[in-house]
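Peer 1: Below is the file protein28.cif, with mmCIF, C-alpha atoms and all ligand atoms.
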```cif
data_structure
#
loop_
_atom_site.label_atom_id
_atom_site.label_comp_id
_atom_site.auth_asym_id
_atom_site.auth_seq_id
_atom_site.Cartn_x
_atom_site.Cartn_y
_atom_site.Cartn_z
CA MET Z 1 37.08 61.43 192.20
CA SER Z 2 38.07 63.44 195.19
CA SER Z 3 40.24 66.41 194.42
CA SER Z 4 42.87 66.29 197.10
CA SER Z 5 45.08 69.32 197.03
CA PRO Z 6 48.72 68.57 197.79
CA ALA Z 7 50.90 70.31 200.31
CA ALA Z 8 50.62 73.92 201.29
CA SER Z 9 53.83 74.73 199.45
CA SER Z 10 52.09 74.30 196.11
CA MET Z 11 49.17 76.42 197.13
CA THR Z 12 49.76 79.07 194.51
CA ASN Z 13 50.49 76.66 191.70
CA ASN Z 14 46.93 76.48 190.48
CA LEU Z 15 46.53 80.19 190.09
CA PRO Z 16 46.06 81.62 186.60
CA ASP Z 17 48.61 83.71 184.74
CA PRO Z 18 48.27 87.29 185.98
CA TYR Z 19 49.69 88.50 182.66
CA ILE Z 20 46.54 87.40 180.83
CA VAL Z 21 43.48 89.61 180.74
CA GLY Z 22 40.57 87.86 182.41
CA SER Z 23 42.60 85.96 185.01
CA GLU Z 24 40.90 86.06 188.37
CA PHE Z 25 42.22 85.76 191.91
CA PRO Z 26 40.25 85.33 195.12
CA ASN Z 27 41.61 88.62 196.46
CA LEU Z 28 44.14 91.32 195.72
CA GLU Z 29 46.72 89.98 198.13
CA THR Z 30 46.82 86.67 196.27
CA ALA Z 31 46.92 88.45 192.94
CA ARG Z 32 49.81 90.68 193.99
CA LYS Z 33 51.86 87.85 195.42
CA HIS Z 34 51.34 85.73 192.36
CA LEU Z 35 52.17 88.61 190.05
CA LYS Z 36 55.43 89.12 191.88
CA LYS Z 37 56.30 85.46 191.78
CA VAL Z 38 55.52 85.04 188.09
CA THR Z 39 57.32 88.27 187.26
CA ILE Z 40 60.50 87.09 188.95
CA GLN Z 41 60.27 83.69 187.32
CA ARG Z 42 60.12 85.38 183.94
CA GLY Z 43 63.00 87.72 184.65
CA LEU Z 44 60.77 90.77 184.50
CA SER Z 45 60.06 93.55 186.98
CA TYR Z 46 57.59 96.35 187.62
CA LYS Z 47 56.78 99.18 189.92
CA ARG Z 48 53.48 100.02 191.49
CA ALA Z 49 51.74 102.93 189.83
CA GLN Z 50 48.37 103.16 191.51
CA HIS Z 51 46.49 101.40 194.22
CA ASP Z 52 43.11 102.15 195.70
CA TYR Z 53 40.03 100.25 196.75
CA ARG Z 54 39.06 99.22 193.26
CA ARG Z 55 42.29 98.84 191.32
CA TYR Z 56 45.94 97.96 191.52
CA ILE Z 57 48.12 99.07 188.62
CA VAL Z 58 51.76 98.41 187.89
CA ARG Z 59 54.03 99.92 185.25
CA CYS Z 60 57.54 99.43 183.96
CA ARG Z 61 60.48 100.79 185.88
CA ASN Z 62 61.59 102.22 182.56
CA PRO Z 63 59.34 105.23 181.97
CA ALA Z 64 59.64 104.90 178.20
CA CYS Z 65 58.17 101.40 178.18
CA PRO Z 66 54.43 100.94 177.62
CA PHE Z 67 54.09 98.01 180.02
CA ARG Z 68 51.01 98.25 182.15
CA LEU Z 69 49.03 95.69 184.13
CA ARG Z 70 45.88 96.36 186.04
CA PHE Z 71 43.95 94.31 188.56
CA THR Z 72 40.40 95.48 189.05
CA ILE Z 73 38.87 94.62 192.39
CA LYS Z 74 35.24 93.58 192.38
CA ARG Z 75 33.04 95.23 194.92
CA GLY Z 76 31.63 92.86 197.46
CA SER Z 77 33.50 89.73 196.54
CA GLY Z 78 36.94 91.35 196.54
CA ILE Z 79 37.97 89.24 193.58
CA ALA Z 80 40.92 90.73 191.70
CA LYS Z 81 40.93 90.37 187.95
CA THR Z 82 43.46 91.31 185.31
CA THR Z 83 41.66 93.84 183.15
CA VAL Z 84 44.51 95.60 181.36
CA PHE Z 85 47.79 94.27 180.06
CA HIS Z 86 50.28 95.92 177.71
CA PRO Z 87 53.57 94.05 177.30
CA HIS Z 88 57.08 95.40 177.77
CA ASN Z 89 59.18 96.63 174.89
CA CYS Z 90 62.12 97.76 177.01
CA PRO Z 91 65.59 96.16 177.03
CA PRO Z 92 66.15 93.27 179.46
CA GLU Z 93 68.60 95.39 181.48
CA THR Z 94 65.58 97.24 182.81
CA HIS Z 95 64.79 94.30 185.03
CA ARG Z 96 68.19 93.91 186.60
CA ASP Z 97 68.60 94.42 190.34
CA TRP Z 98 64.91 94.60 191.04
CA LYS Z 99 64.52 95.01 194.77
CA ALA Z 100 61.80 92.39 195.03
CA MET Z 101 64.32 89.77 193.96
CA ALA Z 102 66.28 90.31 197.14
CA SER Z 103 63.22 90.23 199.38
CA VAL Z 104 62.86 87.62 202.05
CA GLU Z 105 59.48 86.76 200.64
CA TYR Z 106 60.81 85.88 197.22
CA LEU Z 107 64.01 84.19 198.38
CA SER Z 108 62.18 82.09 200.95
CA GLU Z 109 59.81 80.77 198.40
CA ALA Z 110 62.49 80.18 195.81
CA HIS Z 111 64.75 78.20 198.13
CA ARG Z 112 62.44 76.50 200.54
CA ASN Z 113 62.69 73.16 198.76
CA THR Z 114 66.47 73.31 198.78
CA ILE Z 115 66.53 73.76 202.53
CA GLU Z 116 63.87 71.15 203.15
CA ASP Z 117 65.96 68.69 201.16
CA ASP Z 118 69.16 69.65 202.91
CA PRO Z 119 68.68 71.45 206.23
CA SER Z 120 72.42 72.13 206.47
CA THR Z 121 72.24 74.48 203.49
CA LYS Z 122 74.16 77.69 204.11
CA ALA Z 123 73.31 81.25 203.18
CA SER Z 124 76.23 81.21 200.77
CA LYS Z 125 74.50 78.53 198.74
CA ILE Z 126 71.38 80.65 198.37
CA ILE Z 127 73.56 83.53 197.27
CA ALA Z 128 75.37 81.33 194.75
CA LEU Z 129 72.13 79.96 193.33
CA GLU Z 130 70.75 83.44 192.90
CA LYS Z 131 73.97 84.65 191.34
CA ALA Z 132 73.78 81.83 188.83
CA ARG Z 133 70.55 83.29 187.57
CA GLY Z 134 71.91 86.79 187.46
CA ASN Z 135 70.50 88.00 190.76
CA HIS Z 136 73.13 89.49 193.04
CA ILE Z 137 72.03 89.57 196.64
CA SER Z 138 74.04 90.52 199.69
CA TYR Z 139 75.13 88.09 202.37
CA LYS Z 140 72.67 89.65 204.76
CA GLN Z 141 69.79 89.14 202.36
CA GLY Z 142 70.73 85.52 201.84
CA TRP Z 143 71.12 84.99 205.54
CA ARG Z 144 67.75 86.53 206.37
CA ALA Z 145 66.05 84.34 203.81
CA LEU Z 146 67.74 81.27 205.22
CA LYS Z 147 66.60 82.08 208.75
CA HIS Z 148 63.10 82.75 207.54
CA ILE Z 149 62.89 79.41 205.75
CA GLN Z 150 64.28 77.60 208.76
CA GLU Z 151 61.53 79.11 210.87
CA ILE Z 152 58.87 78.06 208.41
CA VAL Z 153 60.27 74.57 208.03
CA SER Z 154 60.66 73.97 211.75
CA GLY Z 155 57.14 75.29 212.29
CA ALA Z 156 55.77 73.01 209.60
CA ASN Z 157 57.43 70.02 211.21
CA GLY Z 158 55.70 70.72 214.48
CA GLY Z 159 58.84 71.75 216.34
CA ASP Z 160 56.87 74.19 218.39
CA GLY Z 161 58.41 74.26 221.85
CA ASP Z 162 61.82 73.70 220.38
CA ASP Z 163 61.51 76.69 218.12
CA LYS Z 164 60.54 79.03 220.93
CA GLY Z 165 63.46 78.10 223.11
CA SER Z 166 66.07 78.37 220.43
CA SER Z 167 64.93 81.65 218.97
CA GLU Z 168 65.05 83.26 222.36
CA SER Z 169 68.35 81.93 223.55
CA ALA Z 170 70.18 82.25 220.28
CA THR Z 171 69.33 85.93 219.91
CA ILE Z 172 71.35 86.43 216.80
CA SER Z 173 70.39 90.04 216.52
CA SER Z 174 67.95 92.09 218.50
CA GLU Z 175 66.55 93.49 215.30
CA LYS Z 176 65.41 90.12 214.11
CA ASN Z 177 64.21 89.07 217.50
CA ALA Z 178 61.90 92.03 217.72
CA SER Z 179 60.38 91.90 214.30
CA SER Z 180 60.38 88.42 212.89
CA LYS Z 181 57.47 86.72 214.54
CA GLN Z 182 54.78 89.26 213.90
CA GLU Z 183 55.84 90.37 210.49
CA ASN Z 184 56.04 86.88 209.15
CA GLU Z 185 52.36 86.50 209.61
CA GLN Z 186 50.94 89.88 208.79
CA LYS Z 187 52.93 91.83 206.32
CA PRO Z 188 52.93 95.56 206.92
CA ALA Z 189 51.27 97.38 204.08
CA LYS Z 190 53.48 100.39 203.78
CA ARG Z 191 56.59 100.15 205.86
CA GLY Z 192 59.10 97.92 204.11
CA ARG Z 193 60.34 95.26 206.43
CA GLY Z 194 63.63 94.49 204.73
CA ARG Z 195 65.02 97.94 204.80
CA PRO Z 196 68.67 97.68 205.82
CA ARG Z 197 69.77 99.78 208.70
CA LYS Z 198 72.49 102.17 207.79
CA SER Z 199 72.91 103.84 211.11
CA HIS Z 200 75.47 101.41 212.44
CA VAL Z 201 78.05 101.96 209.77
CA GLN Z 202 80.74 104.26 210.99
CA ASN Z 203 84.30 104.58 210.01
CA GLY Z 204 86.56 105.87 212.67
ZN ZN Z 301 59.34 97.50 180.29
#
```
Would you kindly transcribe this structure into structure tokens?
Peer 2:
Amino acid sequence: MSSSSPAASSMTNNLPDPYIVGSEFPNLETARKHLKKVTIQRGLSYKRAQHDYRRYIVRCRNPACPFRLRFTIKRGSGIAKTTVFHPHNCPPETHRDWKAMASVEYLSEAHRNTIEDDPSTKASKIIALEKARGNHISYKQGWRALKHIQEIVSGANGGDGDDKGSSESATISSEKNASSKQENEQKPAKRGRGRPRKSHVQNG
């Protein structure tokens, strides 16, 4: 039997449950991404509590809740392993309006299939789908996610030259033009990419 792994989109599907002590991930980046994904799928949330070269710890956003999850990073191999887990005992409201649920990263992954199935999908549909599961995102957030997915999908289909031409001529906003290409590939560690710009808003 040859184990043929399916498409890249299901790459993270074989990863273990980060909420179980003993689960191992090839590196911290994979562990963090999977933790975020699973957390959103389960309607939970967290905030980062500590991060250094040998551990990554998250806690509840409700300070009274004992939730705690720790990845320990093995020296040398870099493998990240869940070594501590205490479950939540906070009310579900704690997890409402978690910022990560409006992130391009999450939304892109959650809606990629929808857009692959129907490339004419609008941002408003993403917003409606999220709203249906209790996640209220802004139009801008939905729109950014849509654009991001379209870039991924067109890249995956080999529309290389096409993509370059359109993204330069369309120039929907200079902000996106400047930042999208690089940040899609290497995520900045500290500076949040999705931070909305407030400076333009002026009433006069
Ligand atoms: Zn909690």
Peer 1: Return as a VMD selection string the residues of protein, DNA or RNA that approach ligand ZN 301 (chain Z) to within 8 Å, with all atoms listed in the file taken into account.
Peer 2: chain Z and resid 45 to 46 59 to 67 87 to 91 94 to 95
Peer 1: Excluding same-chain residues fewer than 5 positions from Phe85 in chain Z, what lies within 10 Å of it counting only C-alpha atoms, as a count of residues only?
Peer 2: 14
Peer 1: Within 12 Å of Thr121 in chain Z, counting all atoms listed in the file, which residues qualify if same-chain residues fewer than 3 places away don't, as a PyMOL selection string?
Peer 2: chain Z and resi 111-118+124-129+142-143+145-147+149-150
Peer 1: How would the residues just picked look written out with C-alpha atoms as a PDB file, keeping the file's coordinate frame?
Peer 2:
```pdb
ATOM      1  CA  HIS Z 111      64.750  78.200 198.130  1.00  0.00           C
ATOM      2  CA  ARG Z 112      62.440  76.500 200.540  1.00  0.00           C
ATOM      3  CA  ASN Z 113      62.690  73.160 198.760  1.00  0.00           C
ATOM      4  CA  THR Z 114      66.470  73.310 198.780  1.00  0.00           C
ATOM      5  CA  ILE Z 115      66.530  73.760 202.530  1.00  0.00           C
ATOM      6  CA  GLU Z 116      63.870  71.150 203.150  1.00  0.00           C
ATOM      7  CA  ASP Z 117      65.960  68.690 201.160  1.00  0.00           C
ATOM      8  CA  ASP Z 118      69.160  69.650 202.910  1.00  0.00           C
ATOM      9  CA  SER Z 124      76.230  81.210 200.770  1.00  0.00           C
ATOM     10  CA  LYS Z 125      74.500  78.530 198.740  1.00  0.00           C
ATOM     11  CA  ILE Z 126      71.380  80.650 198.370  1.00  0.00           C
ATOM     12  CA  ILE Z 127      73.560  83.530 197.270  1.00  0.00           C
ATOM     13  CA  ALA Z 128      75.370  81.330 194.750  1.00  0.00           C
ATOM     14  CA  LEU Z 129      72.130  79.960 193.330  1.00  0.00           C
ATOM     15  CA  GLY Z 142      70.730  85.520 201.840  1.00  0.00           C
ATOM     16  CA  TRP Z 143      71.120  84.990 205.540  1.00  0.00           C
ATOM     17  CA  ALA Z 145      66.050  84.340 203.810  1.00  0.00           C
ATOM     18  CA  LEU Z 146      67.740  81.270 205.220  1.00  0.00           C
ATOM     19  CA  LYS Z 147      66.600  82.080 208.750  1.00  0.00           C
ATOM     20  CA  ILE Z 149      62.890  79.410 205.750  1.00  0.00           C
ATOM     21  CA  GLN Z 150      64.280  77.600 208.760  1.00  0.00           C
TER      22      GLN Z 150
END
```
Peer 1: So how many Å separate CA of Lys81 in chain Z and CA of Phe25 in chain Z, to one decimal?
Peer 2: 6.2 Å
Peer 1: State, in Å with one decimal place, the distance from CA of Pro26 in chain Z to CA of Tyr53 in chain Z.
Peer 2: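 The value is 15.0 Å.
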Peer 1: Between CA of Tyr56 in chain Z and CA of Leu28 in chain Z, measure the distance and give it in Å to one decimal.
Peer 2: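 Computed distance, CA of Tyr56 in chain Z to CA of Leu28 in chain Z, equals 8.1 Å.
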Peer 1: Compare Z:Tyr139, Z:Ala100, Z:Thr30, Z:Asp17 by their minimum atom-to-atom distance to Lys47 in chain Z, counting only C-alpha atoms, and give me the closest one.
Peer 2: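 Closest to Lys47 in chain Z of all the choices is Z:Ala100.
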Peer 1: Can you pull out every residue within 12 Å of Ala102 in chain Z, counting all atoms listed in the file, but drop anything in the same chain fewer than 3 positions away, and send it as a PyMOL selection string?
Peer 2: chain Z and resi 40+96-99+105-110+126-127+130-131+134-145+194-196
Peer 1: When distances are computed from all atoms listed in the file, which of Z:Arg54, Z:Ala80, Z:Lys36, Z:Met101 shows the smallest separation from Arg133 in chain Z?
Peer 2: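 Of Z:Arg54, Z:Ala80, Z:Lys36, Z:Met101, the one nearest Arg133 in chain Z, counting all atoms listed in the file, is Z:Met101.
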